[in-house]
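Undergrad: There's a structure below that I have some questions on.
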Amino acid sequence: MDEEGTRGVRGTSADRVPGPAVPPPPAGPPRAEPPRAEPPRAEPPGESWAGQSWGGRPSDGQQPRPAEPWAQTPGQASVPHAGQPSAADSAQPPAAHAGQPSAPHPGQPSAWTSPPPPPGPPPARPAAPPPAVEQPPAGAPALDAWLRTPRPPQAPGVWRYGFTPRPPEQGEEVSDRSLLVGALIALLSALLLWSLWRNGYLPYRLVPLKLFTPGEWWNPGTGGGPRTIEGSDALTVYEALLFGLLTYGCGRIGNFSELFRRHVVSRGQPFLAVAAAVAAGLTQLLVWKETLPVVRPVLVLVAAVAGGEIYQSQTVVNVIYALIAAAVLYPFARLGRWRALIAARRSGSTPATADNTPDPATATSADRWPELRAAGWTDAAETLTAEVRTGRMNDVDVARLRHAWAQATRSPDRLAPLAEAVLRTGGAAALHPSGHRDLPRRTARHDVLTGQVRIGRCAEDPHNPYARRSTGIALDPTLLGTSLLAVGPPGAGKSARLVRPVVEALGLRALAGQAAVLAVGGTGAPLGPDDAFDVVVRVGNPASAHDLDLYGGTTDPDEAAAVLAEGLVGDVGSLDSRRAATVLAQLLGPYRAAHGHFPSVPELRELLDGSPQALAGLRATLEAAGQHAMLRELEARTRQAGGPGDPAPALADRVALLDRPAFAGFFATGPEARPFALRSLGQYPLRVRVDLPERGHAEASRLLTRLLLAQFTAITAARTDTTLFACLVLDDATHAVTAETVRGIRRLRSVNAGAVLALRTVDDVPEALHTPLLGAVGCTAAFSGITTWDGKRFAEAWGKEWVETREVAQHTVFADQPFTRALHALRKLVTGKAVTTDAVTVRQVERERWSASELAYAVPAGHAVIRLATVEGEHAPPLLVELSG
């Protein structure tokens, strides 16, 4: 029903696991040309991706690179250095991807936090050629065929690549015993009727023929035979017509077509061809022995039309015999599919069916870049067409260039630079700032053209609609934009079979310039290798090359306080997060006004604890700077400290979780610190992974997870440019959901963003938020092994449906007459069942789509029940999905 998509249609870092051929691959894929060295050149306008360049660790003898736009202290502008070379011109990828050791954490320049270069343009460096694209392995579809493969629009969640609809649902099949007995009885009845006919035991058998022929052809009486030669010829044709009708009626009554399909066609080739050949040989023997009335009626008809003199030529007779033999042979050749078998034997492979054959190449086919041709850039289109057909591009290149062209059409001044870059570098034009053209390894099937990642297939289960059974299930941004909640016990497959494929798909879209992803999980979580991400933050690991900004990169004290309060005490039901935000704002605002940046973790803890030295020093600095408004804020905090219901002690206790020796040097905010700011996630196609120390610091990890979720919902809701799809993936969202973040998740779908939350049980969320959370997300997944309590919540969220129930009461029929008893015995012999009458009651009842007990006990291992919805409002019923099927 479905094809694998782009497995094998990838670049240098792709895994070597081939997928099924869709369609059969070319006999010998062309080899990629070796990269050609280019002379040093200055970067032309429009070549760097989106006008930004991502820095890396400076090599020996190289000028230090400017700091990245996402690694800036609050208040700094994110303008790239003048004359900075683009990622496509970089001699080597960033150190984080090149396998170089990471720099010590805070206080030292790293690959992403190098100091600005001195004034003036950097020294010219020889440009490196774009990375070569590895050819797909044997059995993978060629890129041009992959582009032409149809992707028809389908219901939400259907794997569209090479989709083929299921055949119409068939009724209840007849058992093999009934089928064979019925065919045998029909055959014997036909033989009996034909024997009675040939021997003249059927009265009035010639009456219809005599009504349409002259009377002098026949002897008197209803049973009189032919008197002349014309009567004999008419009788011969008449008997042939009756034999054909008898054969057709016997085949229909005996259901020979179903018998042939079930026991011959189902075995496939070459058994089908051999069986058809045997039947053809037997039929030819019966025809030329004149057991079957075929030859003589044909000769009579030919003589009646062309005259009897035609048979004086032996050549004509031989031609007629050959035509008769061919006509008898033709139906068996069609039934046995001899032509397809011969073609397959000649080509040495099984021919592709019409379901997975790509559309033929035409002037407007996708592999010839019709959008560029329509805009008048024929040379650029020819360049890309040659790159596709010679194997120097992969699927990510196609998606990236299509997206770049779509963006350029909105700004006509960008069309010419993009077309020139295509003519110069081919498929390596408009590269992702990291210089990567693919992920190092894929563990799922991706169709980058549509943004889908296949996570499994619908099981053959009565709960699933017939049209969806055995079809592929895929996720894409239109579904993730409504957010996804996955619940299942440890080992159910949430991380490996759902979270990892989603992170991969978003990483591929980021390389195509269409998405940004933040994946958060514990150390060692299967979210992907380090070189699959642009930024990897290892909280608590001194070797981490990147830090984390607790304030999300904002410069507004009130905004920073609101988000930080939600992360610190948002899960404390007895504490109002708005009061906590007010307390933090009364400290963050004065501190930033005095020092130009927000306080670090130790300093914030001292302020919340009400340390006299810290407050006195801050007060003196504000007085010296003349910040009277901020001084009033600080005095108000001093007066409220220690009062009833003061949230400062609770905030200080939570901040103390981050003020541990393991986190020393992390969360720095000074002028030398350049942590990763989450605000840049909505501006650049970043691939970010945050590793949390869940084992030794579980509470701190949950606090940071809650803080990242609060920052993400606040930052994405405030951005004005929603071109990039931003997604947050939490491998473990335990105690991360609060009332405010639930409201934020509900707003994500309107700003082209989404979140993926994985939970072990719904009870990891406060009970008051169970219903709001299930109502806020559009996609939900219940994995095998959940409890009946969790199943009950899903059953209530998924609602009920009207179903038709049939109650059948069978009553045995007892016959009194001997003849009726004989008929009942014959019927029981044929059907294998006693003769009964059925009393059927049909009712419409409302039932749950999936009950709590079914979710807890009827979902097999490796399966999940998934309900999907799109941002446009389309939805699919809960489907039982075989993950990775």
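Each chain in the structure tokens gets a letter, A, B and so on, in the order shown; residues start at 1 in every chain, and ligands are counted from 1 in the order they appear.
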Do you know which residues are at most 12 Å from Phe332 in chain A counting only C-alpha atoms, after dropping those on the same chain fewer than 5 positions away, and could you put them as a ChimeraX atom specification?

TA: /A:272-284,325-327,337-339

Undergrad: Considering only C-alpha atoms, return as an MDAnalysis selection string whatever protein or nucleic-acid residues lie within 9 Å of Arg578 in chain A, sequence-local ones (same chain, fewer than 6 positions apart) excluded.

TA: chainID A and resid 562 565:566

Undergrad: How would the residues just chosen look if you wrote them out with all heavy atoms as a PDB file, in the first residue's frame?

TA:
ATOM      1  N   ALA A 562       8.052  37.089  34.754  1.00  0.00           N
ATOM      2  CA  ALA A 562       6.864  36.244  34.580  1.00  0.00           C
ATOM      3  C   ALA A 562       7.246  34.833  34.148  1.00  0.00           C
ATOM      4  O   ALA A 562       6.734  33.837  34.676  1.00  0.00           O
ATOM      5  CB  ALA A 562       5.924  36.879  33.565  1.00  0.00           C
ATOM      6  N   ALA A 565       9.223  33.022  37.023  1.00  0.00           N
ATOM      7  CA  ALA A 565       8.330  32.609  38.107  1.00  0.00           C
ATOM      8  C   ALA A 565       7.548  31.363  37.720  1.00  0.00           C
ATOM      9  O   ALA A 565       7.328  30.470  38.554  1.00  0.00           O
ATOM     10  CB  ALA A 565       7.378  33.752  38.452  1.00  0.00           C
ATOM     11  N   GLU A 566       7.117  31.294  36.470  1.00  0.00           N
ATOM     12  CA  GLU A 566       6.386  30.104  36.030  1.00  0.00           C
ATOM     13  C   GLU A 566       7.273  28.876  36.090  1.00  0.00           C
ATOM     14  O   GLU A 566       6.817  27.782  36.431  1.00  0.00           O
ATOM     15  CB  GLU A 566       5.865  30.321  34.613  1.00  0.00           C
ATOM     16  CG  GLU A 566       4.796  29.341  34.184  1.00  0.00           C
ATOM     17  CD  GLU A 566       3.518  29.495  34.985  1.00  0.00           C
ATOM     18  OE1 GLU A 566       3.213  30.623  35.422  1.00  0.00           O
ATOM     19  OE2 GLU A 566       2.840  28.469  35.178  1.00  0.00           O
TER      20      GLU A 566
END

Undergrad: Just give me the gap between CA of Cys727 in chain A and CA of Leu518 in chain A in Å, one decimal is fine.

TA: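 These atoms are spaced 6.4 Å apart.
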
Undergrad: Would you give me, as a ChimeraX atom specification, the residues in range 560-789 of chain A that DSSP reads as strand (DSSP E or B)?

TA: /A:676,687-692,725-730,753-759,779-783

Undergrad: Would you list the contacts of Glu169 in chain A as a ChimeraX atom specification, taking every protein, DNA or RNA residue within 12 Å and counting only C-alpha atoms, but skipping same-chain residues closer than 5 positions in sequence?

TA: /A:465-469

Undergrad: State, in Å with one decimal place, the distance from CA of Cys458 in chain A to CA of Val881 in chain A.

TA: 4.5 Å

Undergrad: Using only C-alpha atoms, which protein or nucleic acid residues come within 9 Å of Arg743 in chain A? Drop anything in the same chain fewer than 2 positions from it, and give the result as a VMD selection string.

TA: chain A and resid 713 738 to 741 745 to 747 772 to 773 776

Undergrad: Just to be explicit: take each residue in the selection above, keep C-alpha atoms, and write the result as a compact mmCIF listing (two decimals), in the first residue's frame.

TA:
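What follows is the written file part.txt:
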# COMPACT_ATOMS: atom_id res chain seq x y z
CA THR A 713 5.26 29.34 24.85
CA THR A 738 1.31 24.33 34.61
CA ALA A 739 -1.93 26.21 34.18
CA GLU A 740 -0.17 29.04 32.34
CA THR A 741 1.73 26.73 29.99
CA ILE A 745 0.11 25.49 24.36
CA ARG A 746 -3.40 26.31 23.21
CA ARG A 747 -2.08 29.49 21.54
CA PRO A 772 -7.48 21.33 30.13
CA LEU A 773 -4.33 19.63 28.85
CA ALA A 776 -5.44 21.99 24.57
